[in-house]
Every structure is written in structure tokens, then in C-alpha cells.
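Participant: Pasting a structure here, questions to come.
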Amino acid sequence: MSDPPSERVVTLDVVRGLAILGMVFLHNGAFHFARVEEALADPPPWLMAFGFLLLWAGLFGVVSGAANATTTLRRLARQAETVARVEKTERERPWRYPPSLTKGALQTFVILFGLHWVWTLGVGNSAVTADPSDPTLRVTLLPGLVYYGHFPRIHPENWVFASALWMIAANGLLVSLGFRVLYRRRPPRPDDSLERSLVLLGAAVLLATPFLRAALYGPMLELVGRGGASIAAAVPLALLVNDPNPVFPFFAYGLLGAVIGASLARGEPRAPLYRLMRRSGLALVACGGAGLWASGGLVLAGREEIWGQSALYFASLSWLLLGVFAWGVTALLALFDPPPDTGRAPWRPGWLPTLMRFGRLSLTVFLLEGILGMLMRVGLDALAPGWNDGLGQVLLFAVANLVVWHGILRVWERAGYRGSLEWMVARLRGADDRSRALRADRPTS
């Protein structure tokens, strides 16, 4: 095994940037279109495309798994080097999985899980209706305050919404715990079967998904329907199987990302990774496509009609998307981070810095884009009532949101992104790392 690369993996920022750009555009192009319900009755091709692309939040799961695996394996490699060096000069020093890795994974999980609730209840991008007492209204608190002038009621289903932030939080923790199980008693070795273990675990998650969905989705809905304290009992079931980004099947997205990240961190030849992703993608697309065909084809309608299908439909759609991501991410990897032995220079187009800004501040944009979009909508409503009746105007509005965010991120970059969520999390983690270093250096009696 060659020396693992230490530079930042540009592809991960590119995928984050593409995912967050697409999310801002699609959210603002769909949620603020006044005639979307009318269009859903007989969906045109553009709306079919929008509906399919809105399901692509799983890209964040792939990236989180890859980043987690890359960071973990590089830390473990440094730990193994330290153990080997000490063994040469002192008595035998046993391998110990760094407790800081587990602690860091738990800290990150707590932060992201907390932000999941902030998004689902407080700031998430959501559609509004003319009547704030509409029982179908699912607007979150701050966008509702901006639009209606007062806080709206929280719809019961907001409590059981499995957001992309929950998916990232769960993937980060579960992938980290998986590495702890694998390497608790020994350091990573060049000849170990890490990728095979990750693939087999991912396959088990995907195969379990339709059965768990069938078993748990109905009881979850019954608990939500009862209301009150029953909703609290529904939350654990929802985080496992509810729409749109539950642990099953999206833990498998993190595991697929971990396969990619592990290969990069270990400096392995790229050909076996590409071959594995091609074959896995083909199998997933074939199985997912067959399942969708057996379920009657891709559905485009309201959220309940898209995700509230049979367990086979739900699982098949997730398999199909994961297969597409397996192909797409490895194709981007070949463009932006080709292996040194190929002699090919990485692709660095002129628009890459813009995409990287979105990728590096994806968490901040994710949390705040719904509020900014609603502020811009309220301003346009005052200036030009009915502006969002036409598709062209709404798409221009979505583009305008991207332009405004581009300007914000350029200015923020000059200040080192101080005050962003990423900056705050890094400072929290950095302060904890410094504290551990001081404790390690402190003499003991």
C-alpha cells in the first residue's frame, strides 16, 4: 500500500457543493410556485424532473460516509505509526483504538442531531398556503413567522420527519462505530478486508429496508395519528424508516461513501474501486428499476404519494438512487482527484471556487436558505403580487437565490467564514482537541 494522501479530497467538496446548489434551486423553484398542486394533477416533464431530483439528498450521506472514513483511517494510521515507533524503544505497547475518535463522533452526532430538530421545527424550507390554519400546512416556525407575521402551529408530521441532517448525523456515528468494532483490537492492515466488510454490511441494510419499512411504518403512522405523547413514541420508529432520509436504507449510502473514503485514505490503486462501483451501481440500478416497474413506475405527486408507497417502492427508489450515486461520485473522483500514477492533472475549471464555497459552507446554507428564500418571497409579494403564478418567474426566483448566496459566501470567505456553523463546530472541536493535548502533556504524580 502506498502512502495515503494527505491533501483535501476536492471531489467531496464538489459533491457537497452540487448537492447544496441543487437543493437551494429545487426548494425555491418548487415550494414557492403558486400553482404546484394544479401542475401535480397532470405533471409535465419539467415537474417530473424536479420531483426526481428533489429525492437526491442521499448525496449528503455518501459524502459524510466518505469524509468520515478518510478522517478515521488517517487518524488510525498515525496511531499505528506511534505504537510501532514506541515498541522499538520501550516495552511492548498494546494497540488501543483512540478514544478521541469515538468521543468526536459522539460530539458530532449530538450537534447534528440537535440541528436536525432546529431544521425540522424551526427553519426548514417549506411551502405556505393562504390560510395559516390550514390543517395540511407544514411550514416551520421562522419561515412561518416571516410569511404570516406570527408563529404557525407545528404539524404533527414535522416531529417524525427524517431530515437530511438526521441522515448525516446517524451515518457519521454508525460508520465511526463500525470502524471501532473492526479495529478495536488491532490497527488497520494493507491486506485486511475492510471494503468487503463495508459492502456486505451495506447490502444487509438494503435488504432489510423493505421488511423494516413494512413492519414499522404502519405502527408509526398510528402513533402519529393519536397525537399527544404518542408522537414521542413514534419518533424512534420514524428515524429508522420514515420519509425521506431514515437510517434504513440511508446507512447504506454512508457505507458506500466509506468504501470510497477508505480506498482514498489507504492510497490504494483506483482500478479496483472503479470496478467495484461500476458493478455495485449496475446491480443497484437493475434491482431498483425492476422494483419500481413492479410497483407501477415512478410516482410524482405530493410528499405522501411519493414516499407513502409500498415498502417495495420505497426500497426500490433508494436502491436506484444509490446506484446512480455510485457511478456519479466515482466519475467526479476521476475528474477532480485522479490518482498520481495516471499522470493526469486534476480538473480545475474556473467555476470550481464558487462550487467549493457552497460545499464548504453546506451546513450553514442548509440551515438558513429557507429563511432567506421566504424573506425574498415576501419582498416580491409586496412589489408584484401574483409573481409566482408563472413557472418562468419562479425559476428566475430560484436562480436569484443562488446568486444572492454566491454573493454572501464570497463576502463571508474574506472573513474566514467566521460565525458560520462550520466555523463554530470547528472551534468547538479544536478547543476540545487542545484540551486533550494539554491533559496529555500534564505531568502525573
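Residues in the C-alpha cells are named by chain (A, B, ... in the order shown) and by number from 1 within that chain; ligands are numbered from 1 in the order shown.
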Quick one: everything within 12 Å of A:Gly149, counting only C-alpha atoms, minus sequence neighbours fewer than 5 positions away in the same chain. Send it as a PDB file with N, CA, C and O atoms, in the first residue's frame.
Facilitator:
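Okay, out-v5.pdb is ready:
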ATOM      1  N   PRO A 132     -53.320  30.289   7.319  1.00  0.00           N
ATOM      2  CA  PRO A 132     -52.390  29.724   8.298  1.00  0.00           C
ATOM      3  C   PRO A 132     -53.017  28.640   9.174  1.00  0.00           C
ATOM      4  O   PRO A 132     -52.296  27.903   9.848  1.00  0.00           O
ATOM      5  N   LEU A 141     -41.200  27.222  11.918  1.00  0.00           N
ATOM      6  CA  LEU A 141     -41.533  28.388  12.739  1.00  0.00           C
ATOM      7  C   LEU A 141     -41.050  29.719  12.147  1.00  0.00           C
ATOM      8  O   LEU A 141     -41.844  30.654  12.002  1.00  0.00           O
ATOM      9  N   LEU A 142     -39.763  29.829  11.824  1.00  0.00           N
ATOM     10  CA  LEU A 142     -39.263  31.131  11.375  1.00  0.00           C
ATOM     11  C   LEU A 142     -39.749  31.498   9.974  1.00  0.00           C
ATOM     12  O   LEU A 142     -40.171  32.650   9.762  1.00  0.00           O
ATOM     13  N   PRO A 143     -39.712  30.602   8.974  1.00  0.00           N
ATOM     14  CA  PRO A 143     -40.344  30.967   7.702  1.00  0.00           C
ATOM     15  C   PRO A 143     -41.824  31.305   7.870  1.00  0.00           C
ATOM     16  O   PRO A 143     -42.335  32.206   7.203  1.00  0.00           O
ATOM     17  N   GLY A 144     -42.535  30.599   8.762  1.00  0.00           N
ATOM     18  CA  GLY A 144     -43.939  30.931   9.022  1.00  0.00           C
ATOM     19  C   GLY A 144     -44.087  32.309   9.631  1.00  0.00           C
ATOM     20  O   GLY A 144     -45.010  33.065   9.285  1.00  0.00           O
ATOM     21  N   LEU A 375     -37.873  35.396   2.992  1.00  0.00           N
ATOM     22  CA  LEU A 375     -37.722  36.857   3.030  1.00  0.00           C
ATOM     23  C   LEU A 375     -37.787  37.437   1.619  1.00  0.00           C
ATOM     24  O   LEU A 375     -38.450  38.467   1.383  1.00  0.00           O
ATOM     25  N   VAL A 378     -41.481  37.269   0.375  1.00  0.00           N
ATOM     26  CA  VAL A 378     -42.346  38.292   0.964  1.00  0.00           C
ATOM     27  C   VAL A 378     -42.080  39.648   0.315  1.00  0.00           C
ATOM     28  O   VAL A 378     -43.017  40.420   0.032  1.00  0.00           O
TER      29      VAL A 378
END
Participant: Based on DSSP run over this structure's backbone, return all residues of stretch 228-395 of chain A in helix (DSSP H, G or I), as a ChimeraX atom specification.
Facilitator: /A:230-241,247-265,270-294,303-307,311-336,340-342,352-360,362-383,387-389,391-395
Participant: Would you pick out the contacts of A:Leu73 at 7 Å or less, using only C-alpha atoms, so that residues sharing its chain but fewer than 4 positions from it are not included, and give the list as a CSV table (one decimal) with N, CA, C and O atoms, in the first residue's frame?
Facilitator:
chain,number,residue,atom,x,y,z
A,69,ALA,N,-14.8,8.1,6.8
A,69,ALA,CA,-13.8,7.0,6.6
A,69,ALA,C,-12.4,7.6,6.4
A,69,ALA,O,-11.4,7.1,6.9
A,77,ALA,N,-4.0,5.4,11.1
A,77,ALA,CA,-2.6,5.2,10.5
A,77,ALA,C,-1.6,5.9,11.4
A,77,ALA,O,-0.5,5.4,11.7
A,262,ALA,N,-12.3,5.0,2.3
A,262,ALA,CA,-11.3,4.1,2.7
A,262,ALA,C,-10.2,3.8,1.7
A,262,ALA,O,-9.0,3.8,1.9
A,265,ALA,N,-8.0,7.0,1.5
A,265,ALA,CA,-7.2,7.1,2.7
A,265,ALA,C,-6.0,6.1,2.7
A,265,ALA,O,-4.9,6.5,3.2
Participant: With distances taken over only C-alpha atoms, which residue among A:Ser316, A:Ser163, A:Thr136, A:Ser263 lies nearest A:Val247?
Facilitator: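 For A:Val247, the nearest of the given residues is A:Ser163.
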Participant: Could you check how far atom CA of A:Arg360 sits from atom CA of A:Val14, in Å to one decimal?
Facilitator: 9.1 Å
Participant: So that I can check the surroundings of A:Val241, please list as a JSON list (two decimals) with C-alpha atoms, in the first residue's frame every protein, DNA and RNA residue that reaches within 8 Å of it, counting only C-alpha atoms and ignoring chain neighbours fewer than 3 positions away.
Facilitator:
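Once everything was written out, this is part29.json:
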[["chain", "number", "residue", "atom", "x", "y", "z"],
["A", 209, "THR", "CA", -35.08, -1.96, 4.35],
["A", 212, "LEU", "CA", -38.44, -2.98, 8.32],
["A", 213, "ARG", "CA", -40.47, -0.44, 6.36],
["A", 216, "LEU", "CA", -42.70, -0.31, 11.33],
["A", 217, "TYR", "CA", -44.23, 2.30, 9.01],
["A", 237, "LEU", "CA", -39.59, 4.40, 14.51],
["A", 238, "ALA", "CA", -39.65, 7.42, 12.21],
["A", 246, "PRO", "CA", -34.15, 7.33, 7.55],
["A", 247, "VAL", "CA", -31.41, 5.01, 8.81],
["A", 248, "PHE", "CA", -32.81, 2.24, 6.61],
["A", 249, "PRO", "CA", -31.73, 2.46, 3.81]]
Participant: So, counting only C-alpha atoms, which residue among A:Arg75, A:Arg429, A:Arg16, A:Arg85 is closest to A:Trp56?
Facilitator: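 Looking only at the distances to A:Trp56, the closest residue turns out to be A:Arg16.
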Participant: Find the residues near A:Pro94: any atom within 10 Å, counting only C-alpha atoms, skip ones fewer than 5 places away on the same chain, and give them as a PyMOL selection string.
Facilitator: chain A and resi 83-84+87+185-186
Participant: Separation of atom CA of A:Pro353 and atom CA of A:Thr11, in Å?
Facilitator: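 The value is 12.5 Å.
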Participant: Give me the residues within 8 Å of stretch 191-204 of chain A as a PyMOL selection string, counting only C-alpha atoms and dropping any in the same chain fewer than 3 places off.
Facilitator: chain A and resi 188+207-208+251-253+255-256+258-259+262-263
Participant: Keeping only N, CA and C atoms, write the selected residues to a file as an mmCIF file, in the first residue's frame.
Facilitator:
data_model
loop_
_atom_site.group_PDB
_atom_site.id
_atom_site.type_symbol
_atom_site.label_atom_id
_atom_site.label_comp_id
_atom_site.auth_asym_id
_atom_site.auth_seq_id
_atom_site.Cartn_x
_atom_site.Cartn_y
_atom_site.Cartn_z
ATOM 1 N N PRO A 188 -5.414 -1.003 11.393
ATOM 2 C CA PRO A 188 -5.686 -1.399 10.000
ATOM 3 C C PRO A 188 -4.431 -1.984 9.355
ATOM 4 N N LEU A 207 -31.122 -4.848 2.035
ATOM 5 C CA LEU A 207 -32.058 -5.972 2.015
ATOM 6 C C LEU A 207 -33.048 -5.906 3.175
ATOM 7 N N ALA A 208 -32.611 -5.363 4.312
ATOM 8 C CA ALA A 208 -33.510 -5.263 5.466
ATOM 9 C C ALA A 208 -34.532 -4.148 5.308
ATOM 10 N N PHE A 251 -28.228 4.427 5.806
ATOM 11 C CA PHE A 251 -26.950 3.998 6.358
ATOM 12 C C PHE A 251 -26.107 3.336 5.267
ATOM 13 N N ALA A 252 -26.765 2.659 4.328
ATOM 14 C CA ALA A 252 -26.030 2.039 3.220
ATOM 15 C C ALA A 252 -25.371 3.097 2.335
ATOM 16 N N TYR A 253 -25.971 4.284 2.233
ATOM 17 C CA TYR A 253 -25.348 5.368 1.470
ATOM 18 C C TYR A 253 -24.040 5.783 2.140
ATOM 19 N N LEU A 255 -22.207 3.885 4.037
ATOM 20 C CA LEU A 255 -21.253 2.781 3.884
ATOM 21 C C LEU A 255 -20.634 2.774 2.490
ATOM 22 N N LEU A 256 -21.421 3.075 1.461
ATOM 23 C CA LEU A 256 -20.847 3.174 0.118
ATOM 24 C C LEU A 256 -19.826 4.304 0.068
ATOM 25 N N ALA A 258 -18.127 5.315 2.608
ATOM 26 C CA ALA A 258 -16.986 4.858 3.393
ATOM 27 C C ALA A 258 -16.059 3.965 2.568
ATOM 28 N N VAL A 259 -16.612 3.168 1.662
ATOM 29 C CA VAL A 259 -15.771 2.355 0.767
ATOM 30 C C VAL A 259 -14.873 3.272 -0.068
ATOM 31 N N ALA A 262 -12.308 5.010 2.292
ATOM 32 C CA ALA A 262 -11.269 4.086 2.747
ATOM 33 C C ALA A 262 -10.232 3.848 1.660
ATOM 34 N N SER A 263 -10.679 3.697 0.430
ATOM 35 C CA SER A 263 -9.737 3.484 -0.672
ATOM 36 C C SER A 263 -8.822 4.689 -0.838
#
Participant: Near A:Val62, counting only C-alpha atoms, which residues have an atom at most 6 Å away, once you skip same-chain residues fewer than 3 positions from it, shown as a list of chain:residue names?
Facilitator: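 With the cut-off at 6 Å, the set is A:Leu59, A:Gly65, A:Tyr253, A:Gly254, A:Gly257.
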Participant: One number please: atom CA of A:Arg226 to atom CA of A:Arg153, in Å, one decimal.
Facilitator: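 Atom CA of A:Arg153 lies 17.1 Å from atom CA of A:Arg226.
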Participant: A:Gly172, A:Pro187, A:Gly58, A:Gly178: which is nearest A:Trp95, counting only C-alpha atoms?
Facilitator: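 Nearest candidate to A:Trp95 out of A:Gly172, A:Pro187, A:Gly58, A:Gly178: A:Pro187.
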Participant: Find the residue from A:Pro210, A:Gly323, A:Pro269, A:Gly328 that sits nearest to A:Val285; use only C-alpha atoms when measuring.
Facilitator: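 Looking only at the distances to A:Val285, the closest residue turns out to be A:Gly323.
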Participant: A:Val299, A:Met23, A:Leu276, A:Val10: which is nearest A:Asn401, counting only C-alpha atoms?
Facilitator: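 Between A:Val299, A:Met23, A:Leu276, A:Val10, the residue approaching A:Asn401 most closely is A:Met23.
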